[in-house]
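Visitor: Provided below: model-v8.cif, containing mmCIF, C-alpha atoms.
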data_input
loop_
_atom_site.group_PDB
_atom_site.id
_atom_site.type_symbol
_atom_site.label_atom_id
_atom_site.label_comp_id
_atom_site.auth_asym_id
_atom_site.auth_seq_id
_atom_site.Cartn_x
_atom_site.Cartn_y
_atom_site.Cartn_z
ATOM 1 C CA MET T 643 -17.794 -28.194 40.148
ATOM 2 C CA VAL T 644 -19.148 -24.717 39.274
ATOM 3 C CA VAL T 645 -15.729 -23.119 39.870
ATOM 4 C CA THR T 646 -14.038 -25.730 37.644
ATOM 5 C CA ARG T 647 -16.574 -25.096 34.860
ATOM 6 C CA ARG T 648 -16.029 -21.310 35.105
ATOM 7 C CA VAL T 649 -12.252 -21.751 34.972
ATOM 8 C CA ALA T 650 -12.561 -24.036 31.939
ATOM 9 C CA ILE T 651 -14.842 -21.524 30.164
ATOM 10 C CA ALA T 652 -12.434 -18.683 30.980
ATOM 11 C CA VAL T 653 -9.461 -20.677 29.640
ATOM 12 C CA ILE T 654 -11.339 -21.553 26.425
ATOM 13 C CA ALA T 655 -12.442 -17.920 25.988
ATOM 14 C CA CYS T 656 -8.875 -16.660 26.458
ATOM 15 C CA ALA T 657 -7.528 -19.215 23.982
ATOM 16 C CA ALA T 658 -10.185 -18.254 21.421
ATOM 17 C CA LEU T 659 -9.440 -14.557 21.916
ATOM 18 C CA ALA T 660 -5.708 -15.169 21.497
ATOM 19 C CA GLY T 661 -6.396 -17.073 18.270
ATOM 20 C CA VAL T 662 -8.609 -14.311 16.882
ATOM 21 C CA LEU T 663 -6.043 -11.633 17.763
ATOM 22 C CA ALA T 664 -3.238 -13.645 16.143
ATOM 23 C CA TYR T 665 -5.336 -14.008 12.974
ATOM 24 C CA LEU T 666 -6.215 -10.305 12.883
ATOM 25 C CA ARG T 667 -2.571 -9.282 13.321
ATOM 26 C CA ASP T 668 -1.739 -10.696 9.887
ATOM 27 C CA PRO T 669 -4.929 -11.664 8.011
ATOM 28 C CA PRO T 670 -4.526 -13.043 4.478
ATOM 29 C CA TRP T 671 -6.980 -10.525 2.986
ATOM 30 C CA LEU T 672 -4.925 -7.519 4.151
ATOM 31 C CA ILE T 673 -2.862 -7.483 0.931
ATOM 32 C CA ASP T 674 -6.002 -6.361 -0.970
ATOM 33 C CA GLN T 675 -6.858 -3.431 1.318
ATOM 34 C CA THR T 676 -6.311 0.184 0.270
ATOM 35 C CA SER T 677 -7.404 3.611 1.422
ATOM 36 C CA GLY T 678 -7.304 6.985 -0.276
ATOM 37 C CA LEU T 679 -7.157 5.451 -3.767
ATOM 38 C CA ARG T 680 -9.780 5.903 -6.471
ATOM 39 C CA PRO T 681 -10.682 3.229 -9.088
ATOM 40 C CA TRP T 682 -8.248 2.343 -11.858
ATOM 41 C CA GLU T 683 -8.232 4.569 -14.956
ATOM 42 C CA GLN T 684 -6.406 4.434 -18.251
ATOM 43 C CA ARG T 685 -6.181 7.112 -20.914
ATOM 44 C CA ALA T 686 -4.993 6.451 -24.430
ATOM 45 C CA GLY T 687 -1.218 6.245 -24.575
ATOM 46 C CA GLN T 688 -0.778 6.270 -20.789
ATOM 47 C CA PRO T 689 -0.203 3.502 -18.274
ATOM 48 C CA ARG T 690 -3.015 2.376 -15.984
ATOM 49 C CA TYR T 691 -3.199 4.431 -12.792
ATOM 50 C CA ARG T 692 -5.280 5.345 -9.752
ATOM 51 C CA TRP T 693 -5.649 8.833 -8.339
ATOM 52 C CA ALA T 694 -4.626 9.117 -4.713
ATOM 53 C CA THR T 695 -5.817 11.692 -2.235
ATOM 54 C CA ALA T 696 -3.317 13.617 -0.089
ATOM 55 C CA HIS T 697 -2.781 10.393 1.903
ATOM 56 C CA ALA T 698 -3.207 6.933 0.435
ATOM 57 C CA SER T 699 -2.167 3.537 1.748
ATOM 58 C CA PHE T 700 -1.890 -0.012 0.472
ATOM 59 C CA PHE T 701 -0.040 -3.212 1.339
ATOM 60 C CA VAL T 702 2.809 -5.063 -0.368
ATOM 61 C CA PRO T 703 4.343 -8.486 0.341
ATOM 62 C CA ALA T 704 6.906 -8.271 3.147
ATOM 63 C CA ASP T 705 9.375 -10.409 1.208
ATOM 64 C CA ALA T 706 9.352 -8.160 -1.889
ATOM 65 C CA GLY T 707 12.616 -6.501 -0.872
ATOM 66 C CA ALA T 708 11.920 -3.443 -3.035
ATOM 67 C CA PHE T 709 9.544 -2.081 -5.638
ATOM 68 C CA ASP T 710 9.203 0.878 -7.974
ATOM 69 C CA LEU T 711 6.255 3.207 -7.492
ATOM 70 C CA PRO T 712 5.341 5.154 -10.666
ATOM 71 C CA VAL T 713 3.755 8.532 -9.805
ATOM 72 C CA SER T 714 2.719 11.680 -11.654
ATOM 73 C CA THR T 715 0.364 14.599 -11.204
ATOM 74 C CA THR T 716 -1.147 17.384 -13.239
ATOM 75 C CA PHE T 717 0.363 20.775 -13.959
ATOM 76 C CA ASP T 718 -2.567 22.418 -15.736
ATOM 77 C CA GLY T 719 -2.239 25.985 -14.499
ATOM 78 C CA PRO T 720 0.758 28.303 -14.592
ATOM 79 C CA GLY T 721 0.540 28.683 -10.816
ATOM 80 C CA ASP T 722 0.650 24.949 -10.023
ATOM 81 C CA ARG T 723 3.396 24.398 -7.479
ATOM 82 C CA PRO T 724 5.782 21.428 -7.357
ATOM 83 C CA MET T 725 4.556 18.549 -5.207
ATOM 84 C CA LEU T 726 6.573 16.673 -2.588
ATOM 85 C CA VAL T 727 5.670 12.973 -2.464
ATOM 86 C CA THR T 728 6.692 11.073 0.670
ATOM 87 C CA VAL T 729 6.538 7.281 0.814
ATOM 88 C CA THR T 730 6.618 5.546 4.177
ATOM 89 C CA VAL T 731 6.760 1.836 4.983
ATOM 90 C CA ASP T 732 5.222 0.915 8.328
ATOM 91 C CA ASP T 733 5.451 4.609 9.357
ATOM 92 C CA GLU T 734 9.162 4.942 8.512
ATOM 93 C CA VAL T 735 10.170 7.270 5.653
ATOM 94 C CA ALA T 736 11.422 5.127 2.772
ATOM 95 C CA ALA T 737 11.632 7.608 -0.133
ATOM 96 C CA ARG T 738 10.806 11.136 -1.251
ATOM 97 C CA ALA T 739 10.447 12.775 -4.648
ATOM 98 C CA VAL T 740 9.549 16.248 -5.888
ATOM 99 C CA LEU T 741 7.297 16.364 -8.950
ATOM 100 C CA THR T 742 7.908 19.475 -11.056
ATOM 101 C CA ASP T 743 6.088 18.454 -14.245
ATOM 102 C CA SER T 744 3.415 15.991 -15.354
ATOM 103 C CA SER T 745 5.797 13.249 -16.533
ATOM 104 C CA TRP T 746 5.902 9.905 -14.742
ATOM 105 C CA THR T 747 8.521 9.516 -12.017
ATOM 106 C CA ARG T 748 9.559 6.150 -10.624
ATOM 107 C CA ILE T 749 10.194 6.179 -6.894
ATOM 108 C CA HIS T 750 12.352 3.256 -5.796
ATOM 109 C CA VAL T 751 11.204 1.972 -2.401
ATOM 110 C CA ALA T 752 13.477 -0.410 -0.493
ATOM 111 C CA LEU T 753 11.608 -2.354 2.174
ATOM 112 C CA PRO T 754 13.153 -2.889 5.593
ATOM 113 C CA PRO T 755 14.013 -6.511 6.418
ATOM 114 C CA ALA T 756 10.905 -8.669 6.600
ATOM 115 C CA GLY T 757 9.538 -9.132 10.095
ATOM 116 C CA THR T 758 6.948 -11.634 11.235
ATOM 117 C CA ARG T 759 4.086 -10.273 9.109
ATOM 118 C CA ARG T 760 3.361 -11.265 5.519
ATOM 119 C CA VAL T 761 2.649 -7.700 4.374
ATOM 120 C CA ARG T 762 4.003 -4.175 4.836
ATOM 121 C CA ARG T 763 1.848 -1.044 4.861
ATOM 122 C CA VAL T 764 2.921 1.631 2.392
ATOM 123 C CA ASP T 765 1.661 5.197 2.778
ATOM 124 C CA VAL T 766 1.945 7.836 0.058
ATOM 125 C CA ARG T 767 1.520 11.437 1.193
ATOM 126 C CA THR T 768 1.609 14.586 -0.912
ATOM 127 C CA SER T 769 2.460 18.090 0.247
ATOM 128 C CA ILE T 770 -0.449 19.612 -1.696
ATOM 129 C CA VAL T 771 -3.481 18.427 -3.653
ATOM 130 C CA ARG T 772 -4.933 19.513 -6.969
ATOM 131 C CA ASP T 773 -8.599 20.248 -7.712
ATOM 132 C CA GLY T 774 -10.987 17.558 -6.500
ATOM 133 C CA ASN T 775 -8.616 16.355 -3.750
ATOM 134 C CA HIS T 776 -6.276 14.768 -6.285
ATOM 135 C CA GLY T 777 -2.771 14.115 -5.000
ATOM 136 C CA VAL T 778 -0.766 11.890 -7.336
ATOM 137 C CA ARG T 779 -1.562 9.310 -9.961
ATOM 138 C CA ILE T 780 -0.134 5.980 -8.851
ATOM 139 C CA GLY T 781 0.678 3.493 -11.591
ATOM 140 C CA GLU T 782 0.987 -0.254 -11.231
ATOM 141 C CA LEU T 783 3.732 -1.233 -8.813
ATOM 142 C CA GLU T 784 6.806 -2.839 -10.328
ATOM 143 C CA PHE T 785 8.299 -5.667 -8.258
ATOM 144 C CA PRO T 786 11.468 -7.707 -8.799
ATOM 145 C CA PRO T 787 10.729 -10.643 -11.164
ATOM 146 C CA ARG T 788 10.585 -13.352 -8.469
ATOM 147 C CA VAL T 789 8.056 -11.394 -6.399
ATOM 148 C CA ALA T 790 5.976 -10.430 -9.440
ATOM 149 C CA ASP T 791 5.745 -14.107 -10.502
ATOM 150 C CA LYS T 792 4.715 -15.117 -6.985
ATOM 151 C CA LEU T 793 2.048 -12.380 -6.888
ATOM 152 C CA LEU T 794 0.616 -13.424 -10.235
ATOM 153 C CA ARG T 795 0.394 -17.043 -9.112
ATOM 154 C CA SER T 796 -1.250 -16.128 -5.784
ATOM 155 C CA THR T 797 -3.897 -13.907 -7.396
ATOM 156 C CA ALA T 798 -4.554 -16.364 -10.259
ATOM 157 C CA GLY T 799 -4.237 -13.650 -12.875
ATOM 158 C CA GLY T 800 -5.872 -10.967 -10.731
ATOM 159 C CA ASP T 801 -4.641 -7.497 -9.930
ATOM 160 C CA PRO T 802 -1.263 -7.810 -8.167
ATOM 161 C CA SER T 803 -0.937 -4.156 -7.150
#
For the structure just supplied, provide its representation as structure tokens.
Guide:
Amino acid sequence: MVVTRRVAIAVIACAALAGVLAYLRDPPWLIDQTSGLRPWEQRAGQPRYRWATAHASFFVPADAGAFDLPVSTTFDGPGDRPMLVTVTVDDEVAARAVLTDSSWTRIHVALPPAGTRRVRRVDVRTSIVRDGNHGVRIGELEFPPRVADKLLRSTAGGDPS
């Protein structure tokens, strides 16, 4: 009787653990997680953006297919060097761009075929940083129309990027 009870408890514990691990592999709140990004800013005549550190990450829907990532940085001093921006998707290099002036550059990022997860992790790394650990300004992501509509519906008018 005691052995049967212990086996039953072990089976229930394993099933619960498997359920928790399955949930944590692809939690619904992951799409809203970021790191290395400061709060949104907007200056007169410029698009809304967030400053990134030398390494920032965020998540996008796995079924997006592709998106455009607007980036720029400052070139305040005469000695400011060009900046290499590398974008990876799930640790695989997806795109690179070299910023040589302060204008906005759109980096087109094609996502690999969707796997079993609902989201893909996107990392943005810069070769150098400016004063205050500023890498690049990242504007609002631009998705294909069908994905953008789906994002707007799922966030009920919230911030889709």
Visitor: Please list as a PyMOL selection string every residue within 12 Å of Gly774 of chain T, counting all atoms listed in the file and excluding residues in the same chain fewer than 5 positions away.
Guide: chain T and resi 680+693-696+716
Visitor: Residues at most 10 Å from segment 727-733 of chain T, counting only C-alpha atoms, excluding those fewer than 3 positions away in the same chain, as an MDAnalysis selection string?
Guide: chainID T and resid 696:702 711 713:714 724 736:741 749:754 761:770 777:778
Visitor: Give me, please, the distance in Å between atom CA of Trp671 of chain T and atom CA of Arg760 of chain T, quoted to one decimal.
Guide: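 Atom-to-atom, atom CA of Trp671 of chain T to atom CA of Arg760 of chain T, that is 10.7 Å.
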Visitor: Give me, please, the distance in Å between atom CA of Pro786 of chain T and atom CA of Asp710 of chain T, quoted to one decimal.
Guide: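 Separation between atom CA of Pro786 of chain T and atom CA of Asp710 of chain T: 8.9 Å.
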Visitor: Can you give me, as number ranges by chain, the residues this file yields under the PyMOL selection byres ((chain T and resi 717-721) around 8)?
Guide: T: 715-716, 722-723, 743-744
Visitor: What is the distance, in Å and to one decimal place, between atom CA of Tyr691 of chain T and atom CA of Gln675 of chain T?
Guide: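 Pair atom CA of Tyr691 of chain T / atom CA of Gln675 of chain T returns 16.6 Å.
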Visitor: Please expand the PyMOL selection byres ((chain T and resi 690) around 12) into the concrete residues it hits in this file, giving the result as a compact mmCIF listing (two decimals) with C-alpha atoms, keeping the file's coordinate frame.
Guide:
# COMPACT_ATOMS: atom_id res chain seq x y z
CA PRO T 681 -10.68 3.23 -9.09
CA TRP T 682 -8.25 2.34 -11.86
CA GLU T 683 -8.23 4.57 -14.96
CA GLN T 684 -6.41 4.43 -18.25
CA ARG T 685 -6.18 7.11 -20.91
CA ALA T 686 -4.99 6.45 -24.43
CA GLY T 687 -1.22 6.24 -24.58
CA GLN T 688 -0.78 6.27 -20.79
CA PRO T 689 -0.20 3.50 -18.27
CA TYR T 691 -3.20 4.43 -12.79
CA ARG T 692 -5.28 5.34 -9.75
CA TRP T 693 -5.65 8.83 -8.34
CA PRO T 712 5.34 5.15 -10.67
CA VAL T 713 3.76 8.53 -9.80
CA SER T 714 2.72 11.68 -11.65
CA TRP T 746 5.90 9.90 -14.74
CA ARG T 779 -1.56 9.31 -9.96
CA ILE T 780 -0.13 5.98 -8.85
CA GLY T 781 0.68 3.49 -11.59
CA GLU T 782 0.99 -0.25 -11.23
CA LEU T 783 3.73 -1.23 -8.81
CA ASP T 801 -4.64 -7.50 -9.93
CA SER T 803 -0.94 -4.16 -7.15
Visitor: Check what the PyMOL selection byres ((chain T and resi 668) around 9) selects in the file above and give those residues as a ChimeraX atom specification.
Guide: /T:664-667,669-672,758-761
Visitor: How would segment 643-668 of chain T read, as a PDB file, in the frame of the given file, once N, CA and C atoms are built in?
Guide:
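Contents of the output file selection_38.pdb:
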ATOM      1  N   MET T 643     -17.376 -27.873  41.503  1.00  0.00           N
ATOM      2  CA  MET T 643     -17.794 -28.194  40.148  1.00  0.00           C
ATOM      3  C   MET T 643     -18.085 -26.918  39.348  1.00  0.00           C
ATOM      4  N   VAL T 644     -18.816 -25.961  39.948  1.00  0.00           N
ATOM      5  CA  VAL T 644     -19.148 -24.717  39.274  1.00  0.00           C
ATOM      6  C   VAL T 644     -17.884 -23.887  39.030  1.00  0.00           C
ATOM      7  N   VAL T 645     -16.976 -23.863  40.009  1.00  0.00           N
ATOM      8  CA  VAL T 645     -15.729 -23.119  39.870  1.00  0.00           C
ATOM      9  C   VAL T 645     -14.885 -23.732  38.755  1.00  0.00           C
ATOM     10  N   THR T 646     -14.803 -25.051  38.681  1.00  0.00           N
ATOM     11  CA  THR T 646     -14.038 -25.730  37.644  1.00  0.00           C
ATOM     12  C   THR T 646     -14.609 -25.414  36.264  1.00  0.00           C
ATOM     13  N   ARG T 647     -15.916 -25.399  36.139  1.00  0.00           N
ATOM     14  CA  ARG T 647     -16.574 -25.096  34.860  1.00  0.00           C
ATOM     15  C   ARG T 647     -16.265 -23.648  34.456  1.00  0.00           C
ATOM     16  N   ARG T 648     -16.316 -22.716  35.406  1.00  0.00           N
ATOM     17  CA  ARG T 648     -16.029 -21.310  35.105  1.00  0.00           C
ATOM     18  C   ARG T 648     -14.568 -21.143  34.674  1.00  0.00           C
ATOM     19  N   VAL T 649     -13.669 -21.824  35.338  1.00  0.00           N
ATOM     20  CA  VAL T 649     -12.252 -21.751  34.972  1.00  0.00           C
ATOM     21  C   VAL T 649     -12.056 -22.306  33.566  1.00  0.00           C
ATOM     22  N   ALA T 650     -12.685 -23.427  33.265  1.00  0.00           N
ATOM     23  CA  ALA T 650     -12.561 -24.036  31.939  1.00  0.00           C
ATOM     24  C   ALA T 650     -13.118 -23.090  30.867  1.00  0.00           C
ATOM     25  N   ILE T 651     -14.258 -22.464  31.127  1.00  0.00           N
ATOM     26  CA  ILE T 651     -14.842 -21.524  30.164  1.00  0.00           C
ATOM     27  C   ILE T 651     -13.922 -20.322  29.980  1.00  0.00           C
ATOM     28  N   ALA T 652     -13.349 -19.822  31.065  1.00  0.00           N
ATOM     29  CA  ALA T 652     -12.434 -18.683  30.980  1.00  0.00           C
ATOM     30  C   ALA T 652     -11.184 -19.042  30.170  1.00  0.00           C
ATOM     31  N   VAL T 653     -10.645 -20.235  30.381  1.00  0.00           N
ATOM     32  CA  VAL T 653      -9.461 -20.677  29.640  1.00  0.00           C
ATOM     33  C   VAL T 653      -9.792 -20.806  28.155  1.00  0.00           C
ATOM     34  N   ILE T 654     -10.927 -21.397  27.830  1.00  0.00           N
ATOM     35  CA  ILE T 654     -11.339 -21.553  26.425  1.00  0.00           C
ATOM     36  C   ILE T 654     -11.560 -20.189  25.784  1.00  0.00           C
ATOM     37  N   ALA T 655     -12.206 -19.264  26.511  1.00  0.00           N
ATOM     38  CA  ALA T 655     -12.442 -17.920  25.988  1.00  0.00           C
ATOM     39  C   ALA T 655     -11.126 -17.190  25.729  1.00  0.00           C
ATOM     40  N   CYS T 656     -10.180 -17.302  26.637  1.00  0.00           N
ATOM     41  CA  CYS T 656      -8.875 -16.660  26.458  1.00  0.00           C
ATOM     42  C   CYS T 656      -8.131 -17.247  25.264  1.00  0.00           C
ATOM     43  N   ALA T 657      -8.187 -18.566  25.118  1.00  0.00           N
ATOM     44  CA  ALA T 657      -7.528 -19.215  23.982  1.00  0.00           C
ATOM     45  C   ALA T 657      -8.169 -18.776  22.662  1.00  0.00           C
ATOM     46  N   ALA T 658      -9.491 -18.702  22.628  1.00  0.00           N
ATOM     47  CA  ALA T 658     -10.185 -18.254  21.421  1.00  0.00           C
ATOM     48  C   ALA T 658      -9.834 -16.808  21.105  1.00  0.00           C
ATOM     49  N   LEU T 659      -9.800 -15.959  22.109  1.00  0.00           N
ATOM     50  CA  LEU T 659      -9.440 -14.557  21.916  1.00  0.00           C
ATOM     51  C   LEU T 659      -8.010 -14.426  21.401  1.00  0.00           C
ATOM     52  N   ALA T 660      -7.098 -15.200  21.959  1.00  0.00           N
ATOM     53  CA  ALA T 660      -5.708 -15.169  21.497  1.00  0.00           C
ATOM     54  C   ALA T 660      -5.619 -15.611  20.038  1.00  0.00           C
ATOM     55  N   GLY T 661      -6.380 -16.618  19.657  1.00  0.00           N
ATOM     56  CA  GLY T 661      -6.396 -17.073  18.270  1.00  0.00           C
ATOM     57  C   GLY T 661      -6.934 -16.021  17.321  1.00  0.00           C
ATOM     58  N   VAL T 662      -8.022 -15.369  17.717  1.00  0.00           N
ATOM     59  CA  VAL T 662      -8.609 -14.311  16.882  1.00  0.00           C
ATOM     60  C   VAL T 662      -7.630 -13.148  16.741  1.00  0.00           C
ATOM     61  N   LEU T 663      -6.999 -12.739  17.824  1.00  0.00           N
ATOM     62  CA  LEU T 663      -6.043 -11.633  17.763  1.00  0.00           C
ATOM     63  C   LEU T 663      -4.832 -11.977  16.906  1.00  0.00           C
ATOM     64  N   ALA T 664      -4.357 -13.214  16.985  1.00  0.00           N
ATOM     65  CA  ALA T 664      -3.238 -13.645  16.143  1.00  0.00           C
ATOM     66  C   ALA T 664      -3.632 -13.608  14.667  1.00  0.00           C
ATOM     67  N   TYR T 665      -4.850 -14.041  14.354  1.00  0.00           N
ATOM     68  CA  TYR T 665      -5.336 -14.008  12.974  1.00  0.00           C
ATOM     69  C   TYR T 665      -5.454 -12.571  12.485  1.00  0.00           C
ATOM     70  N   LEU T 666      -6.004 -11.688  13.298  1.00  0.00           N
ATOM     71  CA  LEU T 666      -6.215 -10.305  12.883  1.00  0.00           C
ATOM     72  C   LEU T 666      -4.918  -9.505  12.802  1.00  0.00           C
ATOM     73  N   ARG T 667      -3.864  -9.967  13.423  1.00  0.00           N
ATOM     74  CA  ARG T 667      -2.571  -9.282  13.321  1.00  0.00           C
ATOM     75  C   ARG T 667      -2.004  -9.387  11.918  1.00  0.00           C
ATOM     76  N   ASP T 668      -2.284 -10.471  11.223  1.00  0.00           N
ATOM     77  CA  ASP T 668      -1.739 -10.696   9.887  1.00  0.00           C
ATOM     78  C   ASP T 668      -2.733 -11.478   9.029  1.00  0.00           C
TER      79      ASP T 668
END
